[in-house]
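**Student:** Could you have a look at this structure, given as structure tokens, before my questions?
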Amino acid sequence: MNKLFEPLQIGAITLPNRILMAPLTRCRTAENHVPSDLMATHYAQRSSAGLIIAEATMAIEGNSAFWKEPAIYSPEQIAGWKKVTDAVHEKGGLIFLQIWHGGRACHPLFNNGAQPVAPSAIAINGEVFTPEGMKPYVLPRELRLDELPEIINGFKKAAENAKKAGFDGVEVHGANGYLLDEFLRDGSNKRTDEYGGSIENRARLMLDVLQAVCDVWGSQRVGLRLSPLNSFNSMIDSDPVALSTWMAKRLNDFNLAYLHVMRSDFLQQQSGDVLTPIRENYKGVLIGNMGYDAKEAEEAIATGKLDAVSFGVSFIANPDFPIRIKTGAELNVPNPETFYLGGEVGYTDYPALDIA
């Protein structure tokens, strides 16, 4: 596993290895979406990752999609995240914050009755867990053009707050059927104005947000996550390969720290290869995600398909995942029933190796 343990330059930062921790919503905040002390413990335990990408974090108040997810718009939230970054840095780790807007995945029961917003008035199929149990997703309201600058400014403010909280950089969440992804893909974006229709128009909001965040951090401390094939949250695109190719070319203009791509579909409803056209057209650091084990990740890096790989579930159950790869140690088995349960169980109680 030599390639996985080679250092990697991403923009302004040198990673000690290429085993990254993917962003993982775990619903462990305190009141008012404030990151908890338990979260600081959890992330510090995983500081041997080449880079931790912290979980989806609300950029703008009133756009909760998970009830107990973290946010970054208040002084209390900034202070909570500062405990997290201090804990990770004390262990020698690096950590980016993933900033996010839930879009049509938000629910009135999380947001004082407010109707969610989206590029078009199309609801997600299915239900979401709320304080009142499982409830259907509701019909979102189509965003007006005059509301979009406020969203861009909200992401910019979140980027500024992430800097105050001591992060090493930020990742813009453009994946998994949340607001920016909803604009990007034509299954959820039926607009006829300058934010709908062509790929260029559908990508406009995402690129505007990306530029605003880069203005705060400098592009070399900013990443972007995409999921062109993922059908989660009722998402689809008529031509994900064309979309991926266009985005890969356009993103070269930004000189980002990295592009983080989910290569497949959670629900296994769509298939295809988007990584190859992205690799052929994107000149920067490319991180792959979804379904990799250490062997495939090593091969992908060794053959030049990727520069690094992010792992999700493996890091949930193995706080010392890179060390286990290096030593060939057995992996802990994750318990999905505790992923969103709250509390220490299934969060900070997975054992690390005794290598003293």
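Ligands are numbered from 1 in the order shown, chains are lettered A, B, ... in the order of the structure tokens, and residues start at 1 in each chain.
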Mind checking which residues fall within 6 Å of range 139-142 of chain A, counting only C-alpha atoms, ignoring those fewer than 3 positions away in the same chain, and posting them as number ranges by chain?
**Tutor:** A: 104, 116-121, 123
**Student:** Return as a VMD selection string the full set of residues in range 312-352 of chain A whose backbone-based DSSP assignment is alpha helix (DSSP H).
**Tutor:** chain A and resid 313 to 317 321 to 327
**Student:** Quick one: residues within 9 Å of Leu251 in chain A, only C-alpha atoms counted, chain neighbours fewer than 4 positions away excluded, as a ChimeraX atom specification?
**Tutor:** /A:207,246-247,255-256,259,282-284
**Student:** In range 70-265 of chain A, what's strand (DSSP E or B) per DSSP? Answer as a PyMOL selection string?
**Tutor:** chain A and resi 71+95-100+117-118+127-130+133-136+141-142+169-174+222-226+258-262
**Student:** Please provide as a list in words all residues within 10 Å of Ala40 in chain A, with the sequence filter that same-chain residues fewer than 5 positions apart are discarded (counting only C-alpha atoms).
**Tutor:**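 Residues meeting the cut-off are Pro35, Gln45, Gly80, Trp81, Lys82, Lys83, Val84, Thr85, Asp86, Ala87, Val88 and Thr348 of chain A.
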**Student:** Just the number, please: distance in Å from CA of His101 in chain A to CA of Arg225 in chain A, one decimal.
**Tutor:**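 Here the two named atoms are 13.2 Å from each other.
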**Student:** Please list as a PyMOL selection string every residue within 7 Å of range 177-194 of chain A, counting only C-alpha atoms and excluding residues in the same chain fewer than 4 positions away.
**Tutor:** chain A and resi 101-105+118-120+122+201-203+205-206+232-233+235-238
**Student:** Smallest atom-to-atom distance to Gly218 in chain A: which of A:Glu200, A:Glu132, A:Asp168, A:Glu337, using only C-alpha atoms?
**Tutor:**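 Ranking A:Glu200, A:Glu132, A:Asp168, A:Glu337 by distance to Gly218 in chain A, first place goes to A:Asp168.
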**Student:** Go through A:Val128, A:Ile278, A:Leu109, A:Ile99 and flag the residue nearest Gly174 in chain A, using only C-alpha atoms for the distances.
**Tutor:** A:Ile99
**Student:** What does the distance between CA of Gly342 in chain A and CA of Thr130 in chain A come to in Å, to one decimal place?
**Tutor:**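 Taking CA of Gly342 in chain A as the start and CA of Thr130 in chain A as the end point, the length is 14.1 Å.
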**Student:** Quick one: residues within 10 Å of Ile151 in chain A, only C-alpha atoms, excluding same-chain residues fewer than 6 positions away - as a PDB file with C-alpha atoms, in the first residue's frame?
**Tutor:**
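Ended up saving to part33.pdb:
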ATOM      1  CA  ALA A  59     -24.307  27.726   5.845  1.00  0.00           C
ATOM      2  CA  ILE A  60     -27.536  29.680   6.261  1.00  0.00           C
ATOM      3  CA  HIS A 101     -27.648  24.263   1.889  1.00  0.00           C
ATOM      4  CA  LYS A 157     -20.314  34.242   5.334  1.00  0.00           C
ATOM      5  CA  LEU A 205     -25.247  29.150  -8.914  1.00  0.00           C
ATOM      6  CA  ASP A 208     -21.014  31.718  -8.183  1.00  0.00           C
ATOM      7  CA  VAL A 209     -20.926  30.154  -4.714  1.00  0.00           C
TER       8      VAL A 209
END
**Student:** Met262 in chain A: which residues within 6 Å, counting only C-alpha atoms, same-chain residues fewer than 4 positions away excluded, as number ranges by chain?
**Tutor:** A: 227, 289-290
**Student:** Could you take the residues named above and write them with N, CA, C and O atoms, as a PDB file, in the first residue's frame?
**Tutor:**
ATOM      1  N   SER A 227     -21.684  14.649  -7.349  1.00  0.00           N
ATOM      2  CA  SER A 227     -22.203  13.269  -7.414  1.00  0.00           C
ATOM      3  C   SER A 227     -23.071  13.112  -8.659  1.00  0.00           C
ATOM      4  O   SER A 227     -24.288  12.986  -8.561  1.00  0.00           O
ATOM      5  N   ASN A 289     -14.550   8.652  -4.426  1.00  0.00           N
ATOM      6  CA  ASN A 289     -15.319   8.242  -3.253  1.00  0.00           C
ATOM      7  C   ASN A 289     -16.401   7.253  -3.657  1.00  0.00           C
ATOM      8  O   ASN A 289     -16.863   7.274  -4.781  1.00  0.00           O
ATOM      9  N   MET A 290     -16.774   6.404  -2.751  1.00  0.00           N
ATOM     10  CA  MET A 290     -17.868   5.429  -2.800  1.00  0.00           C
ATOM     11  C   MET A 290     -17.391   4.019  -3.146  1.00  0.00           C
ATOM     12  O   MET A 290     -16.977   3.756  -4.281  1.00  0.00           O
TER      13      MET A 290
END
**Student:** Which of these, A:Leu143, A:Val138, A:Ala44, A:Ile323, has the shortest distance to Tyr195 in chain A once you count only C-alpha atoms?
**Tutor:**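 For Tyr195 in chain A, the nearest of the given residues is A:Leu143.
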**Student:** Which residue out of A:Asn111, A:Ser64, A:Thr303, A:Ser47 has the minimum interatomic distance to Ile95 in chain A when only C-alpha atoms are used?
**Tutor:**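 Of A:Asn111, A:Ser64, A:Thr303, A:Ser47, the one nearest Ile95 in chain A is A:Ser47, counting only C-alpha atoms.
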**Student:** So, counting only C-alpha atoms, which residue among A:Lys164, A:Lys249, A:Asp320, A:Arg204 is closest to Val216 in chain A?
**Tutor:** A:Lys164
**Student:** Between CA of Ile287 in chain A and CA of Asn318 in chain A, what is the distance, to one decimal in Å?
**Tutor:**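 Interatomic distance, CA of Ile287 in chain A to CA of Asn318 in chain A: 20.4 Å.
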**Student:** If you take only C-alpha atoms and a cut-off of 12 Å, which residues of range 182-260 of chain A touch range 48-51 of chain A, and what are their nearest atom pairs and distances in Å to one decimal, in chain and number order, as JSON lines?
**Tutor:**
{"residue": "A:Gly223", "atom": "CA", "partner": "A:Leu51", "partner_atom": "CA", "distance": 11.8}
{"residue": "A:Ala257", "atom": "CA", "partner": "A:Leu51", "partner_atom": "CA", "distance": 11.9}
{"residue": "A:Tyr258", "atom": "CA", "partner": "A:Leu51", "partner_atom": "CA", "distance": 11.7}
**Student:** Closest to Val333 in chain A among A:Ser314, A:Thr276, A:Gly62, A:Gly92, using only C-alpha atoms?
**Tutor:** A:Ser314
